[in-house]
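Written below as structure tokens is the structure these notes are about.
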Amino acid sequence: MADQPRIYPEGVPCWVDIEVDDREAAERFYSAVFGWEFSPAMPPGAPGFYDIASLKGQDAAAIGPGTADPVWNTYIACDDVEAAAAAVTEAGGTVLSSPADAGPGGRLAICADPQGAVFRLWQARRRLGAQIVNEPGAWNFSDLRTPDADAALAFYGAVFGWRVDPGLGAGMIRLPGYGDHLASTVDPGIHERQSFAPPGFADVVAGIAQADGTARWEVRFTSADRDASIDAVQRAGGRVLSSTETDWTREALVADPSGATFVVSQLAPRG
């Protein structure tokens with residue numbers, strides 16, 4: 001089962017990309033930091049570009065064109081993008097860009113939650129989502145930073161069925177049944193491997209934290225060595241904004257040369 005495509009059920013974050021105004025500079029930076037290789041998803045002569053970043057030959061992320069301040073985008077899987085967009089509106093969110101085809105890869109809508117955090121809905125066709133995750137250089141997680149966590153949870157719970165269970169610890173969002181989906185598809189040993197963890201840990205799909213300022217989705221990438229990742233970011237022209245250590249991780253919030261921020265996260269349990 002390990003070699004089958006990774007398919008994301010509705011309500012699971014499934015993809016990340018960034019929109020930039022300097023394609024070559026962005027690809028140089030992320031190739032240097034994560035070892036990504038880029039290939040165009042759009043046919044020759046098509047307007048614009050959309051380049052898939054691959055790691056170990058598998059889809060990891062993407063870079064596309066943009067004119068606003070660059071930011072990493074989080075996509076959430078849905079079975080029917082029109083229905084999901086309607087649910088966003090009904091729950092008090094805003095549809096910023098109506099559902100539309102995104103080439104043969106799938107259908108897309110851009111939305112904002114009631115606090116203003118922007119996310120994207122993705123109804124997959126050919127592009128199923130990230131096919132490599134939780135490995136050095138690959139996407140690990142997306143975290144919602146919001147000034148009103150309770151209101152945000154009510155919104156995402158209504159749209160996607162997300163829950164926060166006190167037994168999992170603060171900030172862990174779960175989608176009931178996701179762990180069973182992984183066990184029956186790409187990760188048959190997940191329940192045994194996480195037997196030490198609280199019940200429901202395999203269902204975790206995202207994080208949430210109360211934070212001042214603008215509500216936003218923050219993207220983190222796995223690092224084998226946080227300090228080495230920091231060095232790579234700086235050598236490639238990026239900046240380190242902060243670094244933290246917890247009982248489980250060593251992390252750094254960094255910015256690429258265009259100012260887009262992301263987190264590099266090393267699993268490093270203490271003791």
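In the structure tokens, the first chain shown is A, the next is B, and so on; residue numbers restart at 1 for each chain, and ligands run from 1 in the order shown.
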| request: Enumerate, as an MDAnalysis selection string, the complete set of residues in range 5-214 of chain A that a backbone-based DSSP assignment places in strand (DSSP E or B). | output: chainID A and resid 13:20 37:40 51:55 58:65 72:77 94:102 104 106:112 118:124 139:146 163 172:174 204:210
| Leaving out Ala149 in chain A and any residue of its chain fewer than 6 positions from it, which residues lie within 12 Å of it when counting only C-alpha atoms, given as a list in words? |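 Here the qualifying residues turn out to be Asp113, Pro114, Gln115, Ala117, Asp143, Phe155, Tyr156, Gly157, Val164, Ala170, Gly171, Met172, Ile173, Gly207, Ile208, Ala209, Gln210, Ala211, Asp212, Ala215 and Arg216 of chain A.
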| said: Taking 6 positions as the minimum chain separation for residues in the same chain, which residues sit within 7 Å of Leu267 in chain A when counting only C-alpha atoms? Answer as number ranges by chain. | reply: A: 248-250
Just-selected residues, N, CA and C atoms written as a tab-separated table (two decimals), in the first residue's frame:
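Just written: out32.tsv:
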```tsv
chain	number	residue	atom	x	y	z
A	248	TRP	N	9.25	18.70	22.08
A	248	TRP	CA	9.21	17.77	20.95
A	248	TRP	C	9.92	18.28	19.70
A	249	THR	N	10.04	19.59	19.55
A	249	THR	CA	10.57	20.12	18.29
A	249	THR	C	11.57	21.25	18.51
A	250	ARG	N	12.39	21.46	17.47
A	250	ARG	CA	13.24	22.65	17.34
A	250	ARG	C	12.82	23.32	16.04
```
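Interatomic distance, CA of Thr222 in chain A to CA of Phe34 in chain A: 9.4 Å.
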| task | Write down as a PyMOL selection string the residues belonging to range 82-230 of chain A that are assigned alpha helix (DSSP H) by DSSP computed on the backbone. | result | chain A and resi 82-90+149-160+178-184+190-193+226-230
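Between CA of Glu251 in chain A and CA of Ser223 in chain A the interatomic distance comes to 8.7 Å.
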Could I get the residues of range 147-209 of chain A with an atom no further than 12 Å from an atom of range 68-83 of chain A, each paired with its nearest atom pair and that distance in Å to one decimal, using only C-alpha atoms, sorted by chain and residue number, as JSON lines?
```
{"residue": "A:Tyr156", "atom": "CA", "partner": "A:Ile76", "partner_atom": "CA", "distance": 10.9}
{"residue": "A:Val159", "atom": "CA", "partner": "A:Ala83", "partner_atom": "CA", "distance": 9.9}
{"residue": "A:Phe160", "atom": "CA", "partner": "A:Cys78", "partner_atom": "CA", "distance": 8.8}
{"residue": "A:Gly161", "atom": "CA", "partner": "A:Cys78", "partner_atom": "CA", "distance": 11.9}
{"residue": "A:Trp162", "atom": "CA", "partner": "A:Ile76", "partner_atom": "CA", "distance": 11.9}
{"residue": "A:Val205", "atom": "CA", "partner": "A:Ile76", "partner_atom": "CA", "distance": 10.1}
{"residue": "A:Ala206", "atom": "CA", "partner": "A:Ile76", "partner_atom": "CA", "distance": 10.5}
```
Atoms kept (C-alpha atoms) for selection, written as a tab-separated table (two decimals), in the first residue's frame:
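part-v7.tsv was written with the following content:
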```
chain	number	residue	atom	x	y	z
A	156	TYR	CA	-13.95	25.16	10.47
A	159	VAL	CA	-17.43	23.54	7.18
A	160	PHE	CA	-15.08	20.56	7.54
A	161	GLY	CA	-16.05	18.72	10.72
A	162	TRP	CA	-12.83	19.63	12.54
A	205	VAL	CA	-4.82	17.37	10.34
A	206	ALA	CA	-3.77	20.88	11.39
```
| field | Counting only C-alpha atoms, the residue of A:Pro166, A:Pro136, A:Pro44, A:Gly129 that sits nearest Trp15 in chain A | value | A:Gly129
| said: Report as a VMD selection string all protein, DNA and RNA residues lying within 9 Å of Leu55 in chain A, evaluated on only C-alpha atoms, omitting residues in the same chain fewer than 5 positions from it. | reply: chain A and resid 34 to 37 60 132 137 to 138
Writer output for current selection, N, CA and C atoms, as a CSV table (one decimal), in the first residue's frame:
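result05.csv, freshly written:
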```csv
chain,number,residue,atom,x,y,z
A,34,PHE,N,15.6,23.3,0.2
A,34,PHE,CA,14.9,22.0,0.4
A,34,PHE,C,15.3,20.9,-0.6
A,35,GLY,N,16.1,21.3,-1.6
A,35,GLY,CA,16.5,20.3,-2.6
A,35,GLY,C,15.4,20.0,-3.6
A,36,TRP,N,14.5,20.9,-3.8
A,36,TRP,CA,13.4,20.7,-4.7
A,36,TRP,C,13.9,20.8,-6.2
A,37,GLU,N,13.2,20.0,-7.0
A,37,GLU,CA,13.4,20.2,-8.5
A,37,GLU,C,12.1,20.6,-9.1
A,60,ALA,N,5.7,17.8,-4.2
A,60,ALA,CA,5.9,18.3,-2.8
A,60,ALA,C,5.2,19.7,-2.6
A,132,ILE,N,4.5,13.6,-1.1
A,132,ILE,CA,5.6,13.3,-0.1
A,132,ILE,C,5.4,14.4,1.0
A,137,GLY,N,12.6,18.4,3.9
A,137,GLY,CA,12.4,19.1,2.7
A,137,GLY,C,10.9,19.1,2.2
A,138,ALA,N,10.1,18.4,2.9
A,138,ALA,CA,8.7,18.2,2.5
A,138,ALA,C,7.8,19.0,3.5
```
| What is the CA of Pro13 in chain A to CA of Ala202 in chain A distance in Å? | 14.3 Å
| task | Go through A:Asp21, A:Glu135, A:Asp148, A:Glu10 and flag the residue nearest Tyr178 in chain A, using only C-alpha atoms for the distances. | result | A:Glu10
| task | For Val263 in chain A, list every protein, DNA or RNA residue within 7 Å, evaluated using only C-alpha atoms, and leave out those in the same chain fewer than 2 positions away; present the list as number ranges by chain. | result | A: 219-221, 251-254, 265
Written file, previous selection with N, CA and C atoms, as a tab-separated table (two decimals), in the first residue's frame:
```tsv
chain	number	residue	atom	x	y	z
A	219	VAL	N	2.64	27.78	7.14
A	219	VAL	CA	3.08	26.49	6.60
A	219	VAL	C	4.42	26.12	7.21
A	220	ARG	N	4.55	24.85	7.59
A	220	ARG	CA	5.84	24.38	8.11
A	220	ARG	C	6.35	23.21	7.28
A	221	PHE	N	7.67	23.15	7.16
A	221	PHE	CA	8.34	22.10	6.42
A	221	PHE	C	9.26	21.33	7.36
A	251	GLU	N	12.36	24.56	16.13
A	251	GLU	CA	11.76	25.22	14.98
A	251	GLU	C	12.36	26.60	14.75
A	252	ALA	N	12.18	27.11	13.55
A	252	ALA	CA	12.54	28.48	13.23
A	252	ALA	C	11.54	29.04	12.24
A	253	LEU	N	11.11	30.27	12.49
A	253	LEU	CA	10.30	31.01	11.54
A	253	LEU	C	11.25	31.81	10.66
A	254	VAL	N	11.17	31.60	9.37
A	254	VAL	CA	12.11	32.22	8.44
A	254	VAL	C	11.34	32.90	7.31
A	265	SER	N	10.89	22.81	10.83
A	265	SER	CA	10.60	22.12	12.08
A	265	SER	C	11.34	20.79	12.14
```
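With distances restricted to only C-alpha atoms, A:Gly11 is the closest residue to Ala84 in chain A from A:Arg125, A:Val33, A:Gly11, A:Gly57.
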| query | Pro47 in chain A: which residues within 12 Å, counting only C-alpha atoms, same-chain residues fewer than 4 positions away excluded, as number ranges by chain? | reply | A: 41-43, 64-65
